[in-house]
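One file, start.txt, is given below (compact mmCIF, N, CA and C atoms).
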# COMPACT_ATOMS: atom_id res chain seq x y z
N MET A 1 204.28 62.43 261.41
CA MET A 1 205.05 61.30 261.88
C MET A 1 204.27 60.03 261.56
N THR A 2 204.94 59.05 261.10
CA THR A 2 204.26 57.82 260.72
C THR A 2 204.24 56.85 261.88
N MET A 3 203.31 55.90 261.80
CA MET A 3 203.10 54.98 262.90
C MET A 3 204.27 54.01 263.10
N HIS A 4 205.01 53.72 262.06
CA HIS A 4 206.09 52.74 262.23
C HIS A 4 207.29 53.32 262.97
N LEU A 5 207.33 54.61 263.17
CA LEU A 5 208.44 55.22 263.88
C LEU A 5 208.19 55.34 265.38
N ILE A 6 206.96 55.15 265.83
CA ILE A 6 206.64 55.28 267.26
C ILE A 6 206.87 53.93 267.94
N ARG A 7 207.64 53.94 269.02
CA ARG A 7 207.91 52.69 269.74
C ARG A 7 206.70 52.27 270.56
N GLY A 8 206.44 50.98 270.57
CA GLY A 8 205.40 50.44 271.42
C GLY A 8 204.00 50.54 270.84
N VAL A 9 203.87 51.10 269.66
CA VAL A 9 202.55 51.23 269.04
C VAL A 9 202.42 50.19 267.95
N CYS A 10 201.37 49.42 268.05
CA CYS A 10 201.12 48.38 267.04
C CYS A 10 199.69 48.56 266.53
N THR A 11 199.52 48.60 265.24
CA THR A 11 198.18 48.79 264.68
C THR A 11 197.51 47.47 264.34
N LEU A 12 198.18 46.37 264.61
CA LEU A 12 197.58 45.06 264.35
C LEU A 12 196.74 44.66 265.54
N ASN A 13 195.45 44.57 265.36
CA ASN A 13 194.56 44.17 266.44
C ASN A 13 194.03 42.79 266.09
N THR A 14 194.55 41.76 266.73
CA THR A 14 194.16 40.40 266.40
C THR A 14 193.14 39.84 267.38
N ARG A 15 192.86 40.56 268.46
CA ARG A 15 191.90 40.06 269.44
C ARG A 15 190.48 40.41 269.02
N LYS A 16 189.56 39.50 269.28
CA LYS A 16 188.15 39.76 269.01
C LYS A 16 187.59 40.58 270.16
N PRO A 17 186.63 41.47 269.86
CA PRO A 17 186.06 42.26 270.95
C PRO A 17 185.22 41.38 271.88
N VAL A 18 185.25 41.71 273.16
CA VAL A 18 184.50 40.95 274.16
C VAL A 18 183.08 41.49 274.18
N PHE A 19 182.11 40.59 274.08
CA PHE A 19 180.71 40.97 274.09
C PHE A 19 180.20 40.90 275.52
N LYS A 20 179.92 42.06 276.12
CA LYS A 20 179.46 42.10 277.50
C LYS A 20 177.94 42.22 277.51
N MET A 21 177.31 41.28 278.22
CA MET A 21 175.85 41.27 278.30
C MET A 21 175.41 41.91 279.60
N THR A 22 174.91 43.13 279.52
CA THR A 22 174.37 43.80 280.70
C THR A 22 172.88 43.52 280.78
N LYS A 23 172.28 43.86 281.91
CA LYS A 23 170.85 43.61 282.06
C LYS A 23 170.03 44.43 281.07
N ALA A 24 170.44 45.67 280.85
CA ALA A 24 169.72 46.52 279.91
C ALA A 24 169.87 45.98 278.48
N LYS A 25 171.07 45.53 278.13
CA LYS A 25 171.31 44.97 276.80
C LYS A 25 170.52 43.66 276.62
N TYR A 26 170.44 42.86 277.69
CA TYR A 26 169.71 41.60 277.65
C TYR A 26 168.21 41.87 277.41
N ALA A 27 167.67 42.85 278.13
CA ALA A 27 166.25 43.19 277.97
C ALA A 27 165.98 43.73 276.57
N GLU A 28 166.88 44.53 276.06
CA GLU A 28 166.72 45.09 274.71
C GLU A 28 166.77 43.98 273.65
N LEU A 29 167.70 43.05 273.81
CA LEU A 29 167.81 41.93 272.88
C LEU A 29 166.58 41.04 272.93
N GLN A 30 166.01 40.83 274.14
CA GLN A 30 164.81 40.01 274.24
C GLN A 30 163.63 40.68 273.53
N ALA A 31 163.50 41.99 273.68
CA ALA A 31 162.41 42.70 272.99
C ALA A 31 162.60 42.63 271.48
N ASP A 32 163.84 42.80 271.01
CA ASP A 32 164.12 42.71 269.58
C ASP A 32 163.87 41.30 269.06
N TRP A 33 164.21 40.29 269.88
CA TRP A 33 164.00 38.89 269.49
C TRP A 33 162.52 38.58 269.33
N MET A 34 161.69 39.08 270.27
CA MET A 34 160.25 38.85 270.17
C MET A 34 159.68 39.52 268.92
N GLN A 35 160.14 40.74 268.64
CA GLN A 35 159.67 41.44 267.44
C GLN A 35 160.13 40.71 266.18
N HIS A 36 161.34 40.18 266.20
CA HIS A 36 161.86 39.43 265.06
C HIS A 36 161.00 38.18 264.80
N ASN A 37 160.65 37.46 265.88
CA ASN A 37 159.82 36.27 265.72
C ASN A 37 158.42 36.61 265.23
N ARG A 38 157.86 37.76 265.68
CA ARG A 38 156.56 38.20 265.16
C ARG A 38 156.63 38.46 263.66
N ASP A 39 157.71 39.12 263.24
CA ASP A 39 157.88 39.40 261.81
C ASP A 39 158.05 38.11 261.01
N GLN A 40 158.81 37.17 261.58
CA GLN A 40 159.01 35.88 260.91
C GLN A 40 157.68 35.15 260.75
N LYS A 41 156.83 35.20 261.79
CA LYS A 41 155.53 34.52 261.74
C LYS A 41 154.64 35.16 260.69
N ARG A 42 154.66 36.50 260.59
CA ARG A 42 153.86 37.20 259.57
C ARG A 42 154.29 36.82 258.16
N GLN A 43 155.58 36.59 257.98
CA GLN A 43 156.11 36.24 256.66
C GLN A 43 156.02 34.75 256.38
N GLY A 44 155.58 33.97 257.37
CA GLY A 44 155.46 32.53 257.18
C GLY A 44 156.77 31.80 257.28
N LEU A 45 157.73 32.37 257.99
CA LEU A 45 159.04 31.74 258.16
C LEU A 45 159.16 31.15 259.56
N ALA A 46 160.18 30.34 259.77
CA ALA A 46 160.37 29.66 261.06
C ALA A 46 160.92 30.63 262.10
N LYS A 47 160.52 30.38 263.35
CA LYS A 47 161.04 31.17 264.47
C LYS A 47 162.42 30.65 264.85
N ILE A 48 163.19 31.49 265.56
CA ILE A 48 164.49 31.06 266.06
C ILE A 48 164.53 31.30 267.56
N ASP A 49 165.37 30.54 268.26
CA ASP A 49 165.44 30.72 269.71
C ASP A 49 166.35 31.90 270.05
N PHE A 50 166.34 32.28 271.33
CA PHE A 50 167.02 33.50 271.77
C PHE A 50 168.53 33.42 271.57
N ASP A 51 169.12 32.27 271.90
CA ASP A 51 170.58 32.13 271.77
C ASP A 51 171.02 32.28 270.31
N GLU A 52 170.24 31.69 269.42
CA GLU A 52 170.56 31.79 267.99
C GLU A 52 170.41 33.24 267.51
N TYR A 53 169.39 33.94 268.03
CA TYR A 53 169.19 35.35 267.67
C TYR A 53 170.37 36.20 268.15
N VAL A 54 170.82 35.96 269.37
CA VAL A 54 171.96 36.72 269.91
C VAL A 54 173.20 36.46 269.08
N ASP A 55 173.44 35.20 268.71
CA ASP A 55 174.60 34.88 267.87
C ASP A 55 174.50 35.57 266.51
N ASN A 56 173.31 35.61 265.94
CA ASN A 56 173.13 36.29 264.65
C ASN A 56 173.40 37.79 264.77
N ARG A 57 172.96 38.39 265.87
CA ARG A 57 173.21 39.82 266.08
C ARG A 57 174.70 40.09 266.26
N ARG A 58 175.42 39.15 266.87
CA ARG A 58 176.86 39.31 267.08
C ARG A 58 177.66 38.98 265.84
N GLY A 59 177.02 38.37 264.83
CA GLY A 59 177.72 38.03 263.61
C GLY A 59 178.22 36.61 263.56
N ILE A 60 177.80 35.78 264.51
CA ILE A 60 178.20 34.38 264.53
C ILE A 60 177.12 33.59 263.80
N VAL A 61 177.50 32.90 262.75
CA VAL A 61 176.53 32.16 261.94
C VAL A 61 176.79 30.68 262.12
N HIS A 62 175.76 29.94 262.47
CA HIS A 62 175.86 28.49 262.62
C HIS A 62 175.27 27.85 261.37
N ASN A 63 176.03 26.97 260.75
CA ASN A 63 175.54 26.26 259.57
C ASN A 63 174.73 25.06 260.03
N LYS A 64 173.47 25.04 259.63
CA LYS A 64 172.62 23.91 259.97
C LYS A 64 172.60 22.97 258.79
N LYS A 65 172.68 21.69 259.09
CA LYS A 65 172.59 20.70 258.03
C LYS A 65 171.12 20.52 257.67
N SER A 66 170.86 20.47 256.39
CA SER A 66 169.50 20.33 255.92
C SER A 66 169.06 18.88 256.07
N THR A 67 167.88 18.68 256.66
CA THR A 67 167.35 17.33 256.81
C THR A 67 166.41 16.99 255.67
N GLN A 68 166.09 17.97 254.83
CA GLN A 68 165.19 17.71 253.72
C GLN A 68 165.97 17.09 252.57
N VAL A 69 165.27 16.23 251.84
CA VAL A 69 165.89 15.60 250.69
C VAL A 69 165.75 16.55 249.51
N SER A 70 166.87 16.83 248.85
CA SER A 70 166.81 17.72 247.70
C SER A 70 166.15 17.01 246.55
N SER A 71 165.55 17.77 245.66
CA SER A 71 164.84 17.18 244.54
C SER A 71 165.84 16.51 243.59
N VAL A 72 165.45 15.40 243.05
CA VAL A 72 166.31 14.63 242.17
C VAL A 72 165.85 14.87 240.74
N LYS A 73 166.77 15.23 239.88
CA LYS A 73 166.46 15.46 238.48
C LYS A 73 167.00 14.30 237.67
N ILE A 74 166.17 13.79 236.77
CA ILE A 74 166.58 12.70 235.91
C ILE A 74 166.78 13.27 234.52
N PHE A 75 167.98 13.09 233.98
CA PHE A 75 168.29 13.62 232.67
C PHE A 75 168.24 12.51 231.63
N ASN A 76 167.63 12.81 230.50
CA ASN A 76 167.62 11.87 229.39
C ASN A 76 168.82 12.15 228.50
N ASP A 77 169.22 11.13 227.74
CA ASP A 77 170.34 11.32 226.83
C ASP A 77 169.95 12.16 225.63
N THR A 78 168.70 12.09 225.21
CA THR A 78 168.26 12.85 224.04
C THR A 78 167.58 14.12 224.50
N PRO A 79 167.91 15.25 223.90
CA PRO A 79 167.26 16.50 224.28
C PRO A 79 165.82 16.54 223.79
N TYR A 80 165.02 17.33 224.47
CA TYR A 80 163.62 17.47 224.09
C TYR A 80 163.51 18.34 222.85
N ARG A 81 162.73 17.88 221.89
CA ARG A 81 162.47 18.66 220.68
C ARG A 81 160.98 18.75 220.49
N ARG A 82 160.50 19.94 220.25
CA ARG A 82 159.09 20.17 220.05
C ARG A 82 158.68 19.69 218.66
N GLU A 83 157.55 19.04 218.60
CA GLU A 83 157.05 18.56 217.32
C GLU A 83 156.38 19.72 216.58
N THR A 84 156.84 20.01 215.37
CA THR A 84 156.23 21.06 214.56
C THR A 84 155.76 20.45 213.25
N THR A 85 154.53 20.70 212.89
CA THR A 85 153.99 20.16 211.65
C THR A 85 153.81 21.26 210.61
N GLN A 86 153.73 22.47 211.02
CA GLN A 86 153.41 23.55 210.12
C GLN A 86 154.66 24.41 209.90
N HIS A 87 154.93 24.76 208.66
CA HIS A 87 156.09 25.60 208.33
C HIS A 87 155.62 27.04 208.17
N ILE A 88 156.21 27.93 208.93
CA ILE A 88 155.85 29.35 208.85
C ILE A 88 157.00 30.05 208.16
N PRO A 89 156.77 30.67 206.98
CA PRO A 89 157.87 31.33 206.27
C PRO A 89 158.29 32.62 206.96
N SER A 90 159.51 33.03 206.69
CA SER A 90 160.02 34.27 207.25
C SER A 90 159.33 35.46 206.61
N LEU A 91 159.32 36.58 207.31
CA LEU A 91 158.68 37.78 206.82
C LEU A 91 159.53 38.42 205.73
N GLN A 92 158.91 38.76 204.61
CA GLN A 92 159.61 39.44 203.52
C GLN A 92 159.39 40.94 203.68
N THR A 93 160.44 41.66 204.00
CA THR A 93 160.32 43.10 204.18
C THR A 93 160.55 43.81 202.86
N MET A 94 160.01 44.98 202.73
CA MET A 94 160.14 45.86 201.57
C MET A 94 159.59 45.20 200.29
N GLY A 95 158.76 44.18 200.42
CA GLY A 95 158.03 43.63 199.29
C GLY A 95 158.81 42.77 198.32
N SER A 96 160.11 42.63 198.49
CA SER A 96 160.85 41.83 197.53
C SER A 96 161.71 40.80 198.27
N PRO A 97 161.98 39.67 197.62
CA PRO A 97 162.79 38.66 198.30
C PRO A 97 164.24 39.07 198.47
N ASP A 98 164.75 40.01 197.65
CA ASP A 98 166.15 40.45 197.80
C ASP A 98 166.22 41.76 198.57
N SER A 99 165.52 41.83 199.72
CA SER A 99 165.45 43.06 200.49
C SER A 99 166.78 43.40 201.17
N CYS A 100 167.67 42.46 201.27
CA CYS A 100 168.96 42.71 201.91
C CYS A 100 170.04 43.05 200.90
N ALA A 101 169.64 43.37 199.68
CA ALA A 101 170.62 43.70 198.65
C ALA A 101 171.29 45.03 198.98
N LYS A 102 172.52 45.20 198.52
CA LYS A 102 173.28 46.41 198.80
C LYS A 102 172.71 47.58 198.02
N LYS A 103 172.55 48.71 198.69
CA LYS A 103 172.04 49.91 198.03
C LYS A 103 173.14 50.50 197.15
N GLU A 104 172.70 51.16 196.09
CA GLU A 104 173.67 51.84 195.23
C GLU A 104 174.14 53.10 195.94
N PRO A 105 175.44 53.39 195.88
CA PRO A 105 175.91 54.61 196.54
C PRO A 105 175.40 55.83 195.78
N PRO A 106 175.06 56.91 196.50
CA PRO A 106 174.56 58.12 195.82
C PRO A 106 175.66 58.76 194.98
N LYS A 107 175.26 59.23 193.81
CA LYS A 107 176.21 59.87 192.89
C LYS A 107 175.79 61.31 192.66
N TYR A 108 176.77 62.18 192.61
CA TYR A 108 176.49 63.59 192.39
C TYR A 108 176.22 63.82 190.91
N THR A 109 175.10 64.53 190.62
CA THR A 109 174.70 64.76 189.22
C THR A 109 175.26 66.05 188.65
N GLY A 110 175.71 66.97 189.49
CA GLY A 110 176.34 68.19 188.99
C GLY A 110 175.40 69.37 188.88
N THR A 111 174.23 69.31 189.50
CA THR A 111 173.28 70.42 189.36
C THR A 111 173.21 71.30 190.59
N LEU A 112 173.63 70.83 191.75
CA LEU A 112 173.47 71.63 192.97
C LEU A 112 174.64 72.58 193.20
N ILE A 113 175.87 72.09 193.16
CA ILE A 113 177.04 72.91 193.46
C ILE A 113 177.47 73.66 192.21
N LYS A 114 177.62 74.99 192.34
CA LYS A 114 178.03 75.84 191.22
C LYS A 114 179.54 75.83 191.02
N GLY A 115 180.28 75.67 192.11
CA GLY A 115 181.73 75.68 191.99
C GLY A 115 182.39 75.51 193.34
N ILE A 116 183.73 75.59 193.34
CA ILE A 116 184.52 75.47 194.57
C ILE A 116 185.33 76.74 194.72
N ALA A 117 185.26 77.34 195.91
CA ALA A 117 185.98 78.59 196.17
C ALA A 117 187.02 78.34 197.26
N THR A 118 188.06 79.17 197.24
CA THR A 118 189.09 79.09 198.27
C THR A 118 188.87 80.25 199.22
N MET A 119 188.59 79.93 200.49
CA MET A 119 188.29 81.00 201.44
C MET A 119 189.58 81.60 201.98
N HIS A 120 190.38 80.86 202.68
CA HIS A 120 191.70 81.31 203.14
C HIS A 120 192.50 80.10 203.53
N LYS A 121 193.81 80.22 203.42
CA LYS A 121 194.76 79.15 203.75
C LYS A 121 194.42 77.86 203.01
N SER A 122 194.11 77.99 201.75
CA SER A 122 193.85 76.85 200.88
C SER A 122 192.68 76.00 201.36
N ASN A 123 191.65 76.65 201.89
CA ASN A 123 190.48 75.95 202.37
C ASN A 123 189.44 75.91 201.26
N ALA A 124 189.21 74.74 200.66
CA ALA A 124 188.24 74.62 199.57
C ALA A 124 186.84 74.53 200.15
N VAL A 125 185.94 75.39 199.64
CA VAL A 125 184.56 75.46 200.11
C VAL A 125 183.63 75.31 198.92
N PRO A 126 182.62 74.40 199.00
CA PRO A 126 181.67 74.31 197.90
C PRO A 126 180.73 75.51 197.88
N VAL A 127 180.45 75.99 196.68
CA VAL A 127 179.58 77.15 196.51
C VAL A 127 178.27 76.68 195.87
N ILE A 128 177.15 77.08 196.49
CA ILE A 128 175.85 76.61 196.01
C ILE A 128 175.13 77.69 195.20
N ASN A 129 175.23 78.96 195.61
CA ASN A 129 174.51 80.02 194.89
C ASN A 129 175.36 81.30 194.83
N GLU A 130 174.82 82.32 194.16
CA GLU A 130 175.53 83.59 193.96
C GLU A 130 175.81 84.31 195.28
N GLU A 131 174.89 84.22 196.23
CA GLU A 131 175.06 84.90 197.52
C GLU A 131 176.28 84.36 198.26
N GLN A 132 176.46 83.05 198.22
CA GLN A 132 177.64 82.46 198.87
C GLN A 132 178.92 82.89 198.17
N MET A 133 178.89 83.04 196.84
CA MET A 133 180.08 83.50 196.11
C MET A 133 180.49 84.88 196.59
N GLN A 134 179.50 85.76 196.77
CA GLN A 134 179.81 87.13 197.21
C GLN A 134 180.31 87.13 198.66
N ASP A 135 179.73 86.30 199.53
CA ASP A 135 180.19 86.23 200.92
C ASP A 135 181.63 85.76 201.01
N ILE A 136 181.98 84.77 200.20
CA ILE A 136 183.35 84.24 200.24
C ILE A 136 184.33 85.26 199.68
N SER A 137 183.93 85.99 198.64
CA SER A 137 184.85 86.98 198.06
C SER A 137 185.07 88.15 199.03
N ARG A 138 184.09 88.50 199.84
CA ARG A 138 184.26 89.56 200.84
C ARG A 138 184.82 89.02 202.15
N MET A 139 185.06 87.70 202.23
CA MET A 139 185.53 87.01 203.44
C MET A 139 184.55 87.24 204.59
N ARG A 140 183.27 87.35 204.23
CA ARG A 140 182.15 87.49 205.17
C ARG A 140 182.31 88.70 206.10
N ARG A 141 182.80 89.77 205.53
CA ARG A 141 182.95 90.99 206.33
C ARG A 141 181.71 91.86 206.25
N GLY A 142 180.72 91.48 205.48
CA GLY A 142 179.49 92.24 205.48
C GLY A 142 179.23 92.88 204.23
Encoding of this model in structure tokens:
Amino acid sequence: MTMHLIRGVCTLNTRKPVFKMTKAKYAELQADWMQHNRDQKRQGLAKIDFDEYVDNRRGIVHNKKSTQVSSVKIFNDTPYRRETTQHIPSLQTMGSPDSCAKKEPPKYTGTLIKGIATMHKSNAVPVINEEQMQDISRMRRG
């Protein structure tokens, strides 16, 4: 049965959960807050007060405005160019200046393959030696 067929049932929960502060929860949060401030001090960071720590634990984030002045960058119209006086030539690989020339495609000279045999169903197979010729003629039955 699906939820839309049941009367009086609504799956939309728009209310925020109520945060109840009990004495045990308060004591636990205070101990965690002290440990948090100890860790912050060890890391060289600023401490926070208890109310701010509780809000952070609950997921409430307060945006603080920065009182520090951000660094100002001054841009020049001309980009920086490094002064170079010495010319370093590119590396010549393979000993010749035309090292990127296209290789000649390999050509078959006609000495390795003895012939072409048909194994079955018009399957052309290159034959290299006498043993392969005999295997193909027996259809590799032994």
Between atom N of A:Pro89 and atom CA of A:Lys102, what is the distance in Å, rounded to a tenth?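 So the two atoms, atom N of A:Pro89 and atom CA of A:Lys102, lie 24.2 Å apart.
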Could you give me, as a ChimeraX atom specification, the residues within 6.5 Å of A:Ile128, counting only N, CA and C atoms and dropping anything in the same chain fewer than 4 positions from it? /A:112-115,132-133
Which residues are close to stretch 30-44 of chain A, i.e. within 10 Å by only C-alpha atoms, leaving aside same-chain residues fewer than 5 positions away? Reply as a list in words.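 Contacts, in chain order: Ala24, Lys25, Asp49, Phe50, Asp51, Glu52, Tyr53, Val54 and Arg57 of chain A.
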To one decimal in Å, tell me the separation between atom N of A:Phe19 and atom N of A:Arg58.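 Answer for the atom N of A:Phe19 to atom N of A:Arg58 separation: 9.9 Å.
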Expected answer as a ChimeraX atom specification: helix (DSSP H, G or I) residues in stretch 7-137 of chain A: /A:23-43,50-58,93-95,130-137
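The gap separating atom CA of A:Met119 from atom N of A:Ser137 is 7.2 Å, in Å to one decimal.
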